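Structure file run_20.cif with mmCIF, C-alpha atoms:
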```cif
data_my_file
#
loop_
_atom_site.group_PDB
_atom_site.id
_atom_site.type_symbol
_atom_site.label_atom_id
_atom_site.label_comp_id
_atom_site.auth_asym_id
_atom_site.auth_seq_id
_atom_site.Cartn_x
_atom_site.Cartn_y
_atom_site.Cartn_z
ATOM 1 C CA MET A 1 10.966 3.209 7.555
ATOM 2 C CA GLN A 2 7.229 2.913 6.984
ATOM 3 C CA GLY A 3 5.555 -0.393 6.381
ATOM 4 C CA ALA A 4 3.309 -0.638 3.395
ATOM 5 C CA PRO A 5 1.438 -1.914 6.021
ATOM 6 C CA ALA A 6 1.160 -5.685 5.379
ATOM 7 C CA TRP A 7 -1.477 -5.400 2.760
ATOM 8 C CA VAL A 8 -0.853 -4.779 -0.920
ATOM 9 C CA THR A 9 -0.870 -1.008 -1.386
ATOM 10 C CA GLU A 10 -0.078 -0.113 -4.968
ATOM 11 C CA GLU A 11 -1.476 3.402 -4.680
ATOM 12 C CA ALA A 12 -2.529 5.920 -2.036
ATOM 13 C CA VAL A 13 -6.220 4.910 -2.091
ATOM 14 C CA HIS A 14 -5.208 1.413 -0.954
ATOM 15 C CA LEU A 15 -3.144 2.845 1.892
ATOM 16 C CA GLU A 16 -6.068 5.072 2.891
ATOM 17 C CA ASN A 17 -8.464 2.117 2.789
ATOM 18 C CA VAL A 18 -6.221 0.067 5.087
ATOM 19 C CA ALA A 19 -5.870 2.951 7.549
ATOM 20 C CA SER A 20 -9.586 3.776 7.462
ATOM 21 C CA ILE A 21 -10.652 0.151 7.973
ATOM 22 C CA GLN A 22 -8.226 -0.282 10.860
ATOM 23 C CA ARG A 23 -9.437 2.954 12.445
ATOM 24 C CA ALA A 24 -13.068 1.809 12.059
ATOM 25 C CA HIS A 25 -12.146 -1.384 13.944
ATOM 26 C CA GLY A 26 -10.515 0.665 16.709
ATOM 27 C CA ILE A 27 -6.945 -0.391 16.040
ATOM 28 C CA THR A 28 -3.769 1.351 14.941
ATOM 29 C CA PHE A 29 -0.818 0.044 12.980
ATOM 30 C CA ASP A 30 1.073 -0.307 16.254
ATOM 31 C CA ASP A 31 -1.469 -2.621 17.874
ATOM 32 C CA SER A 32 -2.813 -4.467 14.826
ATOM 33 C CA ILE A 33 -0.371 -7.317 15.410
ATOM 34 C CA GLY A 34 -2.705 -9.055 17.883
ATOM 35 C CA HIS A 35 -5.986 -8.188 16.171
ATOM 36 C CA PRO A 36 -7.882 -10.745 14.036
ATOM 37 C CA ILE A 37 -7.892 -8.287 11.118
ATOM 38 C CA LYS A 38 -4.150 -8.825 10.692
ATOM 39 C CA ASP A 39 -4.628 -12.183 8.974
ATOM 40 C CA SER A 40 -7.401 -11.085 6.629
ATOM 41 C CA ASP A 41 -7.836 -9.535 3.251
ATOM 42 C CA LEU A 42 -9.808 -6.310 3.742
ATOM 43 C CA ASP A 43 -13.268 -5.693 2.260
ATOM 44 C CA THR A 44 -13.394 -2.121 0.965
ATOM 45 C CA THR A 45 -17.213 -2.165 1.005
ATOM 46 C CA GLY A 46 -17.376 -3.107 4.701
ATOM 47 C CA LYS A 47 -16.816 -1.176 7.922
ATOM 48 C CA GLY A 48 -14.498 1.779 7.292
ATOM 49 C CA GLY A 49 -13.842 0.912 3.646
ATOM 50 C CA MET A 50 -13.987 3.510 0.907
ATOM 51 C CA GLY A 51 -16.441 1.629 -1.313
ATOM 52 C CA GLN A 52 -16.672 -0.545 -4.374
ATOM 53 C CA GLY A 53 -13.770 -0.660 -6.762
ATOM 54 C CA THR A 54 -11.250 0.885 -4.351
ATOM 55 C CA GLY A 55 -9.327 -2.324 -3.724
ATOM 56 C CA ASN A 56 -6.498 -3.988 -5.593
ATOM 57 C CA ALA A 57 -7.055 -4.212 -9.343
ATOM 58 C CA GLU A 58 -10.211 -2.092 -8.891
ATOM 59 C CA SER A 59 -11.828 -4.894 -6.891
ATOM 60 C CA ASP A 60 -13.505 -4.661 -3.475
ATOM 61 C CA THR A 61 -10.556 -6.271 -1.660
ATOM 62 C CA ILE A 62 -7.202 -5.111 -0.314
ATOM 63 C CA HIS A 63 -5.131 -8.294 -0.207
ATOM 64 C CA ARG A 64 -2.659 -9.263 2.506
ATOM 65 C CA LEU A 65 0.965 -9.429 1.392
ATOM 66 C CA ARG A 66 1.796 -13.084 0.881
ATOM 67 C CA ALA A 67 3.715 -15.300 -1.506
ATOM 68 C CA GLY A 68 1.945 -15.617 -4.827
ATOM 69 C CA ILE A 69 -0.482 -12.743 -4.258
ATOM 70 C CA GLU A 70 0.680 -11.064 -7.460
ATOM 71 C CA TRP A 71 -1.328 -13.653 -9.440
ATOM 72 C CA GLU A 72 -4.555 -12.300 -7.929
ATOM 73 C CA LEU A 73 -3.821 -8.658 -8.660
ATOM 74 C CA HIS A 74 -4.066 -8.273 -12.401
ATOM 75 C CA PRO A 75 -7.509 -6.947 -13.380
ATOM 76 C CA ASP A 76 -7.572 -9.040 -16.569
ATOM 77 C CA ASN A 77 -6.026 -12.200 -15.128
ATOM 78 C CA VAL A 78 -9.284 -14.168 -15.273
ATOM 79 C CA ASN A 79 -10.281 -13.063 -18.770
ATOM 80 C CA TYR A 80 -6.828 -12.998 -20.357
ATOM 81 C CA THR A 81 -6.729 -15.636 -23.107
ATOM 82 C CA GLY A 82 -2.982 -15.547 -23.726
ATOM 83 C CA GLY A 83 -2.173 -17.579 -20.612
ATOM 84 C CA ALA A 84 -1.819 -16.538 -16.996
ATOM 85 C CA ARG A 85 -0.211 -13.199 -16.245
ATOM 86 C CA SER A 86 0.155 -11.172 -13.099
ATOM 87 C CA LEU A 87 1.170 -7.859 -11.632
ATOM 88 C CA PRO A 88 4.926 -8.189 -11.163
ATOM 89 C CA GLN A 89 6.328 -8.470 -7.644
ATOM 90 C CA SER A 90 8.675 -5.667 -8.683
ATOM 91 C CA SER A 91 5.756 -3.206 -8.468
ATOM 92 C CA ILE A 92 4.431 -4.152 -5.000
ATOM 93 C CA PRO A 93 5.980 -1.995 -2.225
ATOM 94 C CA VAL A 94 6.655 -3.803 1.039
ATOM 95 C CA LEU A 95 8.631 -1.241 3.060
ATOM 96 C CA PHE A 96 9.606 2.373 2.454
ATOM 97 C CA ASP A 97 11.271 5.385 4.043
ATOM 98 C CA THR A 98 9.018 7.897 5.730
ATOM 99 C CA VAL A 99 7.316 10.055 3.118
ATOM 100 C CA VAL A 100 7.904 13.667 4.105
ATOM 101 C CA ALA A 101 6.770 17.051 2.923
ATOM 102 C CA GLU A 102 9.222 19.211 1.049
ATOM 103 C CA ASP A 103 11.351 20.371 3.938
ATOM 104 C CA PRO A 104 14.894 21.699 3.504
ATOM 105 C CA ASN A 105 15.662 20.685 7.124
ATOM 106 C CA CYS A 106 14.864 17.028 6.462
ATOM 107 C CA ASP A 107 17.907 14.847 5.846
ATOM 108 C CA ILE A 108 16.179 11.851 4.198
ATOM 109 C CA HIS A 109 17.991 11.862 0.861
ATOM 110 C CA GLY A 110 18.005 15.638 0.946
ATOM 111 C CA TYR A 111 14.169 15.498 1.265
ATOM 112 C CA ARG A 112 13.963 14.618 -2.402
ATOM 113 C CA GLY A 113 13.505 10.883 -2.402
ATOM 114 C CA ILE A 114 12.812 7.734 -0.475
ATOM 115 C CA ASN A 115 13.992 4.151 -0.757
ATOM 116 C CA VAL A 116 11.324 1.530 -1.430
ATOM 117 C CA LEU A 117 11.760 -2.226 -0.908
ATOM 118 C CA TYR A 118 9.617 -4.189 -3.338
ATOM 119 C CA MET A 119 8.211 -7.693 -2.988
ATOM 120 C CA ASP A 120 10.760 -9.136 -5.421
ATOM 121 C CA GLY A 121 13.580 -7.920 -3.134
ATOM 122 C CA HIS A 122 14.886 -4.967 -5.139
ATOM 123 C CA VAL A 123 15.171 -1.483 -3.683
ATOM 124 C CA GLU A 124 14.409 1.613 -5.715
ATOM 125 C CA SER A 125 14.889 5.295 -4.932
ATOM 126 C CA ILE A 126 11.765 7.239 -5.792
ATOM 127 C CA TRP A 127 12.115 10.977 -6.114
ATOM 128 C CA ARG A 128 9.460 13.240 -4.652
ATOM 129 C CA GLU A 129 6.107 13.366 -6.411
ATOM 130 C CA ARG A 130 7.136 10.824 -9.032
ATOM 131 C CA LYS A 131 4.948 7.884 -8.000
ATOM 132 C CA TYR A 132 3.493 6.014 -5.035
ATOM 133 C CA PRO A 133 4.596 5.753 -2.299
ATOM 134 C CA ASN A 134 6.495 9.046 -2.624
ATOM 135 C CA SER A 135 3.535 11.095 -3.783
ATOM 136 C CA ALA A 136 1.457 13.954 -2.430
ATOM 137 C CA ASP A 137 -1.538 11.610 -2.031
ATOM 138 C CA ALA A 138 0.475 9.100 0.012
ATOM 139 C CA ARG A 139 1.929 11.875 2.162
ATOM 140 C CA ARG A 140 -1.590 13.222 2.825
ATOM 141 C CA VAL A 141 -2.803 9.768 3.910
ATOM 142 C CA ILE A 142 0.229 9.163 6.133
ATOM 143 C CA ASP A 143 -0.179 12.582 7.785
ATOM 144 C CA THR A 144 -3.968 12.129 8.200
ATOM 145 C CA TYR A 145 -3.761 8.692 9.786
ATOM 146 C CA ASP A 146 -0.572 9.327 11.778
ATOM 147 C CA PHE A 147 1.422 6.286 10.695
#
```
Show this structure as structure tokens.
Amino acid sequence: MQGAPAWVTEEAVHLENVASIQRAHGITFDDSIGHPIKDSDLDTTGKGGMGQGTGNAESDTIHRLRAGIEWELHPDNVNYTGGARSLPQSSIPVLFDTVVAEDPNCDIHGYRGINVLYMDGHVESIWRERKYPNSADARRVIDTYDF
């Protein structure tokens, strides 16, 4: 299974930002465990980032996965007058099967789908090309950065 790495990645651009920032700091997903970056939210406008508005909720930050983070992820949370609301934990992937190209020799669910564990604890099967993380964009990022 792939990690989603330990930052909130709701779409492929977030995954690419995390990989690019780690690469710019000279670390890989395998050795990031001992690096100071592992405990930080990531600035998408800093070293290796993909620029303004490419973070969670179109901000400049990719947030670390942590309890309660969903309250910081809704783009209208601050300006919403109907009371607090958040991005549901059920939409934040934490762990997922390896995303693979369409390959009839692959035996991961007949190469059609992957299982995704979400922050709320439920697991969902996502069929190929339906949505992140089982999308062409995610597969391109994973192949490019050699997860």
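Contact shell of A:Gly121 at 10 Å (only C-alpha atoms; same-chain neighbours under 2 positions omitted): Gln89, Ser90, Pro93, Val94, Val116, Leu117, Tyr118, Met119, Val123 and Glu124 of chain A.
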Next on the checklist: I need the output of the PyMOL selection byres ((chain A and resi 115) around 10) for this file as an MDAnalysis selection string; which residues are they?
Outcome noted: chainID A and resid 1 95:99 108:109 113:114 116:118 123:127 133:134
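Computed from the coordinates, the atom CA of A:Leu65 to atom CA of A:Tyr145 distance equals 20.5 Å.
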Checklist entry - Hey, can you check how far atom CA of A:Ala67 sits from atom CA of A:Arg130? => result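 Rounded to one decimal, the two atoms are 27.4 Å apart.
If all atoms listed in the file are the atoms counted, then among A:Ser91, A:Ser135, A:Gln22, A:Thr61 the closest residue to A:Asp41 is A:Thr61.
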Next on the checklist: Taking (-16.0, -1.1, 4.4) in the coordinates of the supplied file, I want to know which residues reach to within 12 Å of it, counting only C-alpha atoms; could you give the answer as a count of residues only?
Outcome noted: 28
Next on the checklist: What does the structure give for the distance between atom CA of A:Ala57 and atom CA of A:Leu73, in Å to one decimal?
Outcome noted: 5.5 Å
